[in-house]
Amino acid sequence: MRTVLIFVFIAPLAISARAEKDYSSFDSAAPPETKSRFAMLDDVRILANGLLQLGHGLKDFVHKTKGQMNDIFQKLNIFDKSFYELSLQTSEIKEEEEQLRQTTARLQINNEEIKNLSQEMNSKIEHLIQNKIQLQEKVWGLEDKVTKLAIIQPTKQETNEISSLKAFVEQQDNHIKQLLKIVEDQHAQLDRQHNQIMELEDKVLRSPRIPLLWSKQNERSSPSLCTIQPLICNCLMFTFLGAAPDCTALYNSGIRSSGIYTIKPNGSEAFDVYCEMKFGSSWTVIQNRVDGSLDFNQTWDTYEHGFGDLNEEFWLGLNKTYSITKQGDYILRIELQDWKDNKRYIEYAFSLGSPEKDYTLQLSRISGNIPNALPEQTELRFSTMDRNMDIAKDFNCPENYLGGWWHSECEETNLNGKYVTPRSRGRLDRRKGLYWKPKKGRYYLLKSTKIMIHPTD
């Protein structure tokens, strides 16, 4: 199109220039009165050819414009269709939200009914207990009188009194039977209510809008099922609320979702841990490193009490780990992943010393798919940059290797070292990094690590 426009502008100029040239030639050859007032035939042909090309160019331009308009109309049709489908999905979502609100309302009504039934049943049971006590006292008195009757012949008055007591006992017995029947009916009704509520809970739990019942990280984002059904939640949780000794106890109680939970080992304060549910049980995670976002070059006090975010990178703390392991025999599992995404693991039977023994670690390999890199049957003392417990002379392992760890003669293994990427090719950087180095084997420069514990029984 641009070529055609240029030609349109140039063609008249060329014709005009040629005409002037012809006129000048005519001026030199003939007098002015003999000049022709009409263009030459060649000029007319050139002009006609230019106009023809201009027409073709305009025709092509019209065709292209028409094609572009058709594309625009097609895109508009697609947009209209997408907008219509989005409107349908929005309507479905609104219907699901309305159903969820109705379900929540039914749950609240059932909760109130269960509360009322529970209060009524408790009142009747209390009344039944009082009647039982009174009856027992009268039975004891009757036994005393029967004992006396075995010794002496009862008088007529005593016989009447015994008959009266017998009638009273029968009356009380019938009353107790009636109360027991009422209690049984109440229990049957409560069972039916419980089954209905369990069905509603299953429906609610299947909905992606309701978070898991037990996971603590969901409690911060949206209301859990406990806020909808507090009575049932309390009935389920009263045994382990702040009293579960470790993650395995939670798993055995029926919890199957990994997440943050509160445990309370024997003789210890309650604290939060991350429980990983896998291998048919639950593991308490004591260390997790995934991306180097957390600096593990910390002090002794920090390593003792723990640091980091349980949802990301963290160190649980030596004191908390010891409070768990002193409850019995535990397995230590170490999971490693290198920068080629190869995953390896190793498991040890282990014991962790008390704070007075500086959390001495003793290991005995059980299984795994990577060579061992930690000394077995040896007391490994935990060391940090400000509290060196190593036996090596003239060489401060935590200072040179960075991060707190169970060093032994500064062996070349440290899962709490500096997070180093494969771009760091220097040997010194690698030795300060996160790595696994068997005595007879190569360096495993690590991308992620995870240390977990689980009771042997």
# chains A, B, ... in the order shown; residues from 1 in each chain; ligands from 1
$ residues_around --residues "Pro265 of chain A" --least-positions-apart "4" --cutoff "7 Å" --atoms "only C-alpha atoms" --output "NGL selection string"
:A and (244-246 or 323-324)
$ select_by_dssp --residues "segment 280-403 of chain A" --states "helix (DSSP H, G or I)" --output "JSON, numbers by chain"
{"A": [300, 301, 302, 303, 304, 305, 318, 319, 320, 321, 322, 323, 324, 325, 355, 356, 357, 397, 398, 399, 400, 401]}
$ residues_around --residues "Trp405 of chain A" --least-positions-apart "3" --cutoff "8 Å" --atoms "only C-alpha atoms" --output "CSV table (one decimal) with N, CA and C atoms, in the first residue's frame"
chain,number,residue,atom,x,y,z
A,382,PHE,N,27.3,-31.9,70.9
A,382,PHE,CA,26.7,-30.9,70.1
A,382,PHE,C,27.6,-29.6,70.3
A,383,SER,N,27.9,-28.9,69.2
A,383,SER,CA,28.7,-27.7,69.3
A,383,SER,C,28.2,-26.6,68.4
A,384,THR,N,28.4,-25.4,68.9
A,384,THR,CA,28.0,-24.2,68.1
A,384,THR,C,29.2,-23.2,68.1
A,398,PRO,N,32.7,-25.7,64.6
A,398,PRO,CA,31.6,-24.8,64.3
A,398,PRO,C,32.0,-23.5,63.7
A,414,ASN,N,27.8,-32.1,57.8
A,414,ASN,CA,27.2,-31.1,58.6
A,414,ASN,C,25.8,-30.7,57.9
A,415,LEU,N,24.7,-31.0,58.5
A,415,LEU,CA,23.4,-30.8,57.9
A,415,LEU,C,22.9,-29.4,58.4
A,416,ASN,N,23.6,-28.7,59.2
A,416,ASN,CA,23.2,-27.4,59.7
A,416,ASN,C,24.2,-26.3,59.2
$ residues_around --residues "segment 445-447 of chain A" --least-positions-apart "4" --cutoff "6 Å" --atoms "only C-alpha atoms" --output "list in words"
Gln337, Asp338, Trp339, Leu434 and Tyr435 of chain A
$ atom_distance --atom1 "atom CA of Leu363 of chain A" --atom2 "atom CA of Ile453 of chain A"
12.8 Å
$ residues_around --residues "Lys138 of chain A" --least-positions-apart "6" --cutoff "10 Å" --atoms "only C-alpha atoms" --output "PyMOL selection string"
chain A and resi 132+144+165+168-169
$ residues_around --residues "Met277 of chain A" --least-positions-apart "2" --cutoff "6 Å" --atoms "only C-alpha atoms" --output "number ranges by chain"
A: 258, 281-282
$ write_last_selection --atoms "N, CA and C atoms" --output "short mmCIF file (atom, residue, chain, number, x, y, z; two decimals), in the first residue's frame"
data_model
loop_
_atom_site.label_atom_id
_atom_site.label_comp_id
_atom_site.auth_asym_id
_atom_site.auth_seq_id
_atom_site.Cartn_x
_atom_site.Cartn_y
_atom_site.Cartn_z
N SER A 258 -0.82 -34.25 57.71
CA SER A 258 0.42 -33.60 58.15
C SER A 258 0.14 -32.14 58.47
N SER A 281 2.37 -44.18 59.75
CA SER A 281 2.51 -43.65 61.10
C SER A 281 2.78 -42.15 61.00
N SER A 282 3.24 -41.57 62.08
CA SER A 282 3.53 -40.14 62.12
C SER A 282 4.92 -39.90 62.69
#
$ atom_distance --atom1 "atom CA of Glu304 of chain A" --atom2 "atom CA of Lys320 of chain A"
8.1 Å
$ residues_around --residues "Leu352 of chain A" --least-positions-apart "2" --cutoff "8 Å" --atoms "only C-alpha atoms" --output "list in words"
Tyr322, Thr325, Lys326, Phe350, Ser354, Tyr359, Thr360, Leu361 and Gln362 of chain A
$ atom_distance --atom1 "atom CA of Glu347 of chain A" --atom2 "atom CA of His454 of chain A"
10.4 Å
$ closest_residue --among "A:Lys81, A:Lys166, A:Lys124, A:Lys450" --to "Glu276 of chain A" --atoms "only C-alpha atoms"
A:Lys450
